[in-house]
Amino acid sequence: MHLRALIFLCLCVHCTNIYADATQPDSQWRQCGRQPSQYKPPASPSTAEDVKDDSRRVHLFRIEQDVHADRVQYSEKEKKAIATGNVLLRDPDLDITSERVDYWTEDETAKAENVRYWYHPSHGSGTADQAERVSQDVVKLENTTYSTCDFEDRDWELKAKKATLDREKGVGSAKHVTAKFKGVPFFYSPWLSFPLNNERKTGFLAPVFGRSSNSGIDIETPFYWNIAPHRDALFTPRYLSKRGVLLGGNARYLNDTNFGEVNLQFLDDRDFDDDRYLVSIDHEQRFSDHFRGDLIYNNASDDDYFEDLGDSIGVTSTRQLERRGDLVYSNSHFGGYWSGLLRFQQFQIVDDQSLPINDPFKRLPQIVINNSFAQLPLGLEFNSRGEWVAFDHDDRVDGNRLDLFTEISRPWTAPGYFITPSMRFRHTSYDLSSSENNNDPSRTLPSFSLDSGLIFEREAFSNRVRHTLEPRLFYLYTPERNHSDIPLFDTGEYEFSFAQLFRTDRFSSADRVSDANQLTAAITTRFINQDNGDELARASIGQIFYFEDREVSLNNTGDDDDNTSNIAGELQISLTDRWQAIAAALWDPQEEEFNRTNTRLQYRSANNFIFNIGHRFRREDFSQSDISFIYPISEQWRAVGRWNYDFKDKRDLDLLGGLEYDTCCWKLSFAARRFTNDSEGDFNNSIEIQLTLKGLTSLGSPITEQLQRNIRGYEDQNTFKY
């Protein structure tokens, strides 16, 4: 008899991923009484069927599938097999029980009664009064249920009067579907259609709701439209009780030669007393393997759009929206790598405190050509960059800039040392629209650097750890050139850090080139686990020694005559899974105080208590602390919180406190939040609740996403460990 057909109910249970994500980790089911199956099929021929009558039970197995029953009868005349008496069907992913299974071998149809199943990958289980396989790929169920809860404690459950599962089409349908939580119905549909696999399908998604002081009650009802395998759209009508209805939409497309995303939002804002909108387009067009085009376009209706409608400091502090079009080419030619860029770029400023004169320049256009050759004779390496930009500004002097840069170097490397001498040449010229001094200033200068270092190693801690000591010297010489006639189009000064000790220029673009006659001395030490290569600790410290005053400055404000730079240091420690520390600091030896510090410490206890504390400081600018925690109160309860505080302005930046209740198959999260909207000290207050039915959906505000952004180390399984 055809045993594979007796296990037809695998179809039914494998289709339960219409409700659950089978890829979810087992850890979220840690509180459930039933763990994923550890069943292993008995050793047996991989192709032959076999029947055994051990313990007076019929046992049929084939490959990784097993059937156990009290009796199996087969009628040659009817071409029918009947398994009765505590029928159990098993494979590595599922268990099925039934009172009786009838199978017709000729057309491979079957029927089972009083079905109960467990699908282990998604922790799903359920029942059906009757399951019928009407064809090889179609199964019909009557009075069927599904849940990820244990059978003994069905806190939530889906029920359907009838369900049809078509594996060939990858589609299922159900009639009279009811969802209950704690015995209370919260959803009903007379008919539902759903995918049976990972394919996307058109339909409504779970609603999102919350409340904030800025917008009032906030309800969002997303609708997903699966237009085609390579196109989809998400419509998100959003009701804001204080403002009105915000109509939002997102469309994605992925074609053979292009892909991209379009976002639109429109709101007739009662509180703002005007129409408000946001448009965002991101498109990439591939003309060939080496040639592509990019388009980025953003447009907001007003300067306060993100402050009023954003849900985090990162969004509400948005000040610029980029609009850019690129043509990009890259390929190998003449033994080297070449790339080219044609760019048109400008920005929309969404900051009502910003003056027009401070707006960034438009690039109309920018042309860049780069090349690099890594394997030249004598071990030489060659890099060059050519750029021409037409800068445009309504309130400042604008014009064109040509910048040509060439570098040639010769590295020598070995296991215990490296040394790299480099020569650079740079020419920059301008054609300005109008200037008080010179309409066509130019500048040409060479530069030389010598980078060298040693690497010492030894075994430590009973040869379990490799300890390194890595001293490094970096010499840089660049002569001074007068920059008084050269405007500032797009150049800024890099923020000083340990990495800045080894840069060949203090400035980020061509309008300024720093003069230098200096030597950097630095040292790094590491502790590396010999078993797995993990870096247990790293500490670095370094300083620049100046042999001449620096005469070039960003705004031509005068010389810098300090003999040494700030002392830059970095520290990272992760000796155990319990403690992790990261710190960076700049010490000013002239003023004998710190100019900038950034520290972060995390502690994770054995029972999953997590505490994070950090501090950011920049002299005369800001001093901010950031404290967050995850505190498991019990196996089911945990508290979460974050406090981001600004000591300079003496105000809170972000306050969040919440509780989470986690069970086998559902989780309830509650959080109250208060975060700043702008530099004037306005706040947005919100209360958010989220109910997660594991393996089904989440209802309410997306608290989990916010906690992942705001609390380092937050995961769904941070609950108490014994």
# chains A, B, ... in the order shown; residues from 1 in each chain; ligands from 1

call {"tool": "residues_around", "arguments": {"residues": "Ile357 (chain A)", "least_positions_apart": "2", "cutoff": "8 Å", "atoms": "only C-alpha atoms", "output": "list in words"}}
result
Leu355, Asp359, Asp394, Asp395 and Arg396 of chain A

call {"tool": "residues_around", "arguments": {"residues": "region 247-250 of chain A", "least_positions_apart": "4", "cutoff": "7 Å", "atoms": "only C-alpha atoms", "output": "list in words"}}
result
Ala233, Leu234, Phe235, Thr236, Pro237, Arg238, Val262, Asn263, Leu264, Gln265, Phe266 and Leu267 of chain A

call {"tool": "residues_around", "arguments": {"residues": "region 146-159 of chain A", "least_positions_apart": "3", "cutoff": "6 Å", "atoms": "only C-alpha atoms", "output": "number ranges by chain"}}
result
A: 123-126, 177-182, 665

call {"tool": "atom_distance", "arguments": {"atom1": "CA of Phe545 (chain A)", "atom2": "CA of Leu473 (chain A)"}}
result
10.9 Å

call {"tool": "select_by_dssp", "arguments": {"residues": "region 261-366 of chain A", "states": "alpha helix (DSSP H)", "output": "list in words"}}
result
Tyr305, Phe306, Glu307, Asp308, Leu309, Ile313, Gly314, Val315 and Thr316 of chain A

call {"tool": "atom_distance", "arguments": {"atom1": "CA of Tyr417 (chain A)", "atom2": "CA of Thr468 (chain A)"}}
result
12.5 Å

call {"tool": "select_by_dssp", "arguments": {"residues": "region 402-614 of chain A", "states": "strand (DSSP E)", "output": "VMD selection string"}}
result
chain A and resid 402 to 409 412 to 414 417 to 432 442 to 454 456 to 460 465 to 478 516 to 529 535 to 546 567 to 573 579 to 588 593 to 604 610 to 614

call {"tool": "closest_atom_pairs", "arguments": {"of": "region 531-611 of chain A", "to": "region 514-527 of chain A", "cutoff": "8 Å", "atoms": "only C-alpha atoms", "output": "Markdown table"}}
result
| residue | atom | partner | partner_atom | distance |
| --- | --- | --- | --- | --- |
| A:Glu535 | CA | A:Phe527 | CA | 6.0 |
| A:Leu536 | CA | A:Phe527 | CA | 5.4 |
| A:Ala537 | CA | A:Phe527 | CA | 5.2 |
| A:Arg538 | CA | A:Arg526 | CA | 4.5 |
| A:Ala539 | CA | A:Thr525 | CA | 5.5 |
| A:Ser540 | CA | A:Thr524 | CA | 4.2 |
| A:Ile541 | CA | A:Ala522 | CA | 5.6 |
| A:Gly542 | CA | A:Ala522 | CA | 3.8 |
| A:Gln543 | CA | A:Thr520 | CA | 5.7 |
| A:Ile544 | CA | A:Thr520 | CA | 4.3 |
| A:Phe545 | CA | A:Leu519 | CA | 5.2 |
| A:Tyr546 | CA | A:Gln518 | CA | 4.5 |
| A:Phe547 | CA | A:Asn517 | CA | 5.6 |
| A:Glu548 | CA | A:Asn517 | CA | 5.9 |
| A:Arg550 | CA | A:Asp515 | CA | 6.0 |
| A:Glu551 | CA | A:Asp515 | CA | 6.9 |
| A:Val552 | CA | A:Ser514 | CA | 5.6 |
| A:Ser553 | CA | A:Ser514 | CA | 7.4 |

call {"tool": "write_last_selection", "arguments": {"atoms": "N, CA and C atoms", "output": "PDB file, in the first residue's frame"}}
result
ATOM      1  N   GLU A 535      38.282  39.605  19.826  1.00  0.00           N
ATOM      2  CA  GLU A 535      39.091  40.633  20.469  1.00  0.00           C
ATOM      3  C   GLU A 535      38.505  40.931  21.846  1.00  0.00           C
ATOM      4  N   LEU A 536      39.235  40.553  22.887  1.00  0.00           N
ATOM      5  CA  LEU A 536      38.740  40.732  24.249  1.00  0.00           C
ATOM      6  C   LEU A 536      38.903  42.165  24.725  1.00  0.00           C
ATOM      7  N   ALA A 537      39.961  42.815  24.309  1.00  0.00           N
ATOM      8  CA  ALA A 537      40.193  44.193  24.738  1.00  0.00           C
ATOM      9  C   ALA A 537      41.121  44.870  23.729  1.00  0.00           C
ATOM     10  N   ARG A 538      40.897  46.168  23.558  1.00  0.00           N
ATOM     11  CA  ARG A 538      41.768  46.973  22.707  1.00  0.00           C
ATOM     12  C   ARG A 538      41.882  48.364  23.304  1.00  0.00           C
ATOM     13  N   ALA A 539      43.094  48.867  23.385  1.00  0.00           N
ATOM     14  CA  ALA A 539      43.334  50.218  23.900  1.00  0.00           C
ATOM     15  C   ALA A 539      44.309  50.922  22.967  1.00  0.00           C
ATOM     16  N   SER A 540      44.017  52.168  22.648  1.00  0.00           N
ATOM     17  CA  SER A 540      44.860  52.957  21.741  1.00  0.00           C
ATOM     18  C   SER A 540      45.003  54.362  22.294  1.00  0.00           C
ATOM     19  N   ILE A 541      46.172  54.941  22.094  1.00  0.00           N
ATOM     20  CA  ILE A 541      46.410  56.316  22.501  1.00  0.00           C
ATOM     21  C   ILE A 541      47.432  56.922  21.545  1.00  0.00           C
ATOM     22  N   GLY A 542      47.262  58.195  21.240  1.00  0.00           N
ATOM     23  CA  GLY A 542      48.184  58.830  20.318  1.00  0.00           C
ATOM     24  C   GLY A 542      48.088  60.345  20.374  1.00  0.00           C
ATOM     25  N   GLN A 543      49.105  61.005  19.779  1.00  0.00           N
ATOM     26  CA  GLN A 543      49.161  62.465  19.786  1.00  0.00           C
ATOM     27  C   GLN A 543      49.989  62.924  18.583  1.00  0.00           C
ATOM     28  N   ILE A 544      49.655  64.118  18.078  1.00  0.00           N
ATOM     29  CA  ILE A 544      50.414  64.726  16.986  1.00  0.00           C
ATOM     30  C   ILE A 544      51.373  65.762  17.575  1.00  0.00           C
ATOM     31  N   PHE A 545      52.620  65.719  17.101  1.00  0.00           N
ATOM     32  CA  PHE A 545      53.625  66.715  17.489  1.00  0.00           C
ATOM     33  C   PHE A 545      53.884  67.625  16.277  1.00  0.00           C
ATOM     34  N   TYR A 546      53.627  68.924  16.468  1.00  0.00           N
ATOM     35  CA  TYR A 546      53.729  69.879  15.367  1.00  0.00           C
ATOM     36  C   TYR A 546      55.108  70.548  15.382  1.00  0.00           C
ATOM     37  N   PHE A 547      55.763  70.564  14.226  1.00  0.00           N
ATOM     38  CA  PHE A 547      57.056  71.227  14.101  1.00  0.00           C
ATOM     39  C   PHE A 547      56.920  72.657  13.578  1.00  0.00           C
ATOM     40  N   GLU A 548      55.733  73.002  13.062  1.00  0.00           N
ATOM     41  CA  GLU A 548      55.453  74.354  12.595  1.00  0.00           C
ATOM     42  C   GLU A 548      54.018  74.708  12.941  1.00  0.00           C
ATOM     43  N   ARG A 550      50.202  75.879  12.289  1.00  0.00           N
ATOM     44  CA  ARG A 550      49.260  75.657  11.202  1.00  0.00           C
ATOM     45  C   ARG A 550      48.626  76.982  10.829  1.00  0.00           C
ATOM     46  N   GLU A 551      48.858  77.421   9.591  1.00  0.00           N
ATOM     47  CA  GLU A 551      48.383  78.734   9.157  1.00  0.00           C
ATOM     48  C   GLU A 551      47.053  78.673   8.407  1.00  0.00           C
ATOM     49  N   VAL A 552      46.709  77.526   7.863  1.00  0.00           N
ATOM     50  CA  VAL A 552      45.456  77.393   7.112  1.00  0.00           C
ATOM     51  C   VAL A 552      44.338  77.018   8.076  1.00  0.00           C
ATOM     52  N   SER A 553      43.243  77.761   8.019  1.00  0.00           N
ATOM     53  CA  SER A 553      42.077  77.468   8.855  1.00  0.00           C
ATOM     54  C   SER A 553      40.825  77.536   7.987  1.00  0.00           C
TER      55      SER A 553
END

call {"tool": "atom_distance", "arguments": {"atom1": "CA of Asp451 (chain A)", "atom2": "CA of Phe496 (chain A)"}}
result
18.9 Å

call {"tool": "residues_around", "arguments": {"residues": "Phe209 (chain A)", "least_positions_apart": "4", "cutoff": "12 Å", "atoms": "only C-alpha atoms", "output": "count of residues only"}}
result
25

call {"tool": "residues_around", "arguments": {"residues": "region 301-312 of chain A", "least_positions_apart": "3", "cutoff": "9 Å", "atoms": "only C-alpha atoms", "output": "list in words"}}
result
Asn214, Ser215, Asp275, Arg276, Tyr277, Leu278, Val279, Val315, Thr316, Ser317, Thr318, Arg319, Ile349, Val350, Asp351, Asp352, Asp654, Phe675, Thr676, Asn677, Asp678, Asn684 and Gln706 of chain A

call {"tool": "write_last_selection", "arguments": {"atoms": "N, CA and C atoms", "output": "mmCIF file, in the first residue's frame"}}
result
data_model
loop_
_atom_site.group_PDB
_atom_site.id
_atom_site.type_symbol
_atom_site.label_atom_id
_atom_site.label_comp_id
_atom_site.auth_asym_id
_atom_site.auth_seq_id
_atom_site.Cartn_x
_atom_site.Cartn_y
_atom_site.Cartn_z
ATOM 1 N N ASN A 214 0.890 65.547 20.552
ATOM 2 C CA ASN A 214 0.939 66.341 19.327
ATOM 3 C C ASN A 214 -0.232 66.073 18.405
ATOM 4 N N SER A 215 -0.608 64.802 18.290
ATOM 5 C CA SER A 215 -1.599 64.436 17.277
ATOM 6 C C SER A 215 -2.855 63.799 17.841
ATOM 7 N N ASP A 275 -2.993 72.287 4.046
ATOM 8 C CA ASP A 275 -2.636 70.976 3.532
ATOM 9 C C ASP A 275 -1.147 70.728 3.750
ATOM 10 N N ARG A 276 -0.810 69.489 4.098
ATOM 11 C CA ARG A 276 0.587 69.124 4.323
ATOM 12 C C ARG A 276 0.876 67.825 3.573
ATOM 13 N N TYR A 277 2.099 67.700 3.075
ATOM 14 C CA TYR A 277 2.431 66.519 2.290
ATOM 15 C C TYR A 277 3.921 66.227 2.398
ATOM 16 N N LEU A 278 4.262 65.001 2.044
ATOM 17 C CA LEU A 278 5.654 64.564 1.965
ATOM 18 C C LEU A 278 5.778 63.632 0.772
ATOM 19 N N VAL A 279 6.771 63.887 -0.073
ATOM 20 C CA VAL A 279 7.044 63.061 -1.245
ATOM 21 C C VAL A 279 8.481 62.559 -1.143
ATOM 22 N N VAL A 315 13.906 61.654 13.797
ATOM 23 C CA VAL A 315 13.027 62.141 12.733
ATOM 24 C C VAL A 315 12.698 63.615 12.932
ATOM 25 N N THR A 316 12.361 64.000 14.159
ATOM 26 C CA THR A 316 11.968 65.391 14.391
ATOM 27 C C THR A 316 13.118 66.370 14.208
ATOM 28 N N SER A 317 14.365 65.877 14.270
ATOM 29 C CA SER A 317 15.514 66.760 14.095
ATOM 30 C C SER A 317 15.970 66.844 12.640
ATOM 31 N N THR A 318 15.203 66.291 11.710
ATOM 32 C CA THR A 318 15.549 66.385 10.290
ATOM 33 C C THR A 318 15.589 67.846 9.866
ATOM 34 N N ARG A 319 16.690 68.238 9.222
ATOM 35 C CA ARG A 319 16.867 69.638 8.823
ATOM 36 C C ARG A 319 17.062 69.806 7.321
ATOM 37 N N ILE A 349 15.611 72.822 2.705
ATOM 38 C CA ILE A 349 15.855 73.082 4.128
ATOM 39 C C ILE A 349 14.515 73.118 4.848
ATOM 40 N N VAL A 350 14.374 72.265 5.859
ATOM 41 C CA VAL A 350 13.126 72.202 6.635
ATOM 42 C C VAL A 350 13.429 72.612 8.067
ATOM 43 N N ASP A 351 13.964 73.808 8.201
ATOM 44 C CA ASP A 351 14.328 74.361 9.505
ATOM 45 C C ASP A 351 14.001 75.841 9.478
ATOM 46 N N ASP A 352 12.954 76.250 10.184
ATOM 47 C CA ASP A 352 12.540 77.651 10.138
ATOM 48 C C ASP A 352 13.501 78.566 10.880
ATOM 49 N N ASP A 654 14.747 62.435 26.072
ATOM 50 C CA ASP A 654 13.874 61.291 25.791
ATOM 51 C C ASP A 654 13.676 60.513 27.081
ATOM 52 N N PHE A 675 9.435 62.774 24.556
ATOM 53 C CA PHE A 675 10.682 63.121 23.858
ATOM 54 C C PHE A 675 10.560 64.517 23.276
ATOM 55 N N THR A 676 11.724 65.177 23.149
ATOM 56 C CA THR A 676 11.740 66.550 22.682
ATOM 57 C C THR A 676 11.484 66.617 21.189
ATOM 58 N N ASN A 677 10.780 67.660 20.789
ATOM 59 C CA ASN A 677 10.447 67.857 19.385
ATOM 60 C C ASN A 677 11.446 68.735 18.664
ATOM 61 N N ASP A 678 11.993 69.718 19.374
ATOM 62 C CA ASP A 678 12.844 70.700 18.699
ATOM 63 C C ASP A 678 13.793 71.316 19.719
ATOM 64 N N ASN A 684 6.756 65.958 23.018
ATOM 65 C CA ASN A 684 5.648 65.132 22.560
ATOM 66 C C ASN A 684 5.485 63.994 23.560
ATOM 67 N N GLN A 706 10.575 50.543 18.653
ATOM 68 C CA GLN A 706 11.121 51.672 19.403
ATOM 69 C C GLN A 706 12.108 51.207 20.469
#

call {"tool": "residues_around", "arguments": {"residues": "Ala584 (chain A)", "least_positions_apart": "5", "cutoff": "7 Å", "atoms": "only C-alpha atoms", "output": "list in words"}}
result
Gly569, Glu570, Leu571, Thr597, Asn598 and Thr599 of chain A

call {"tool": "residues_around", "arguments": {"residues": "Gln602 (chain A)", "least_positions_apart": "6", "cutoff": "6 Å", "atoms": "only C-alpha atoms", "output": "ChimeraX atom specification"}}
result
/A:579-580,611-612

call {"tool": "closest_residue", "arguments": {"among": "A:Leu501, A:Ser213, A:Glu142, A:Asn258", "to": "Lys242 (chain A)", "atoms": "only C-alpha atoms"}}
result
A:Ser213
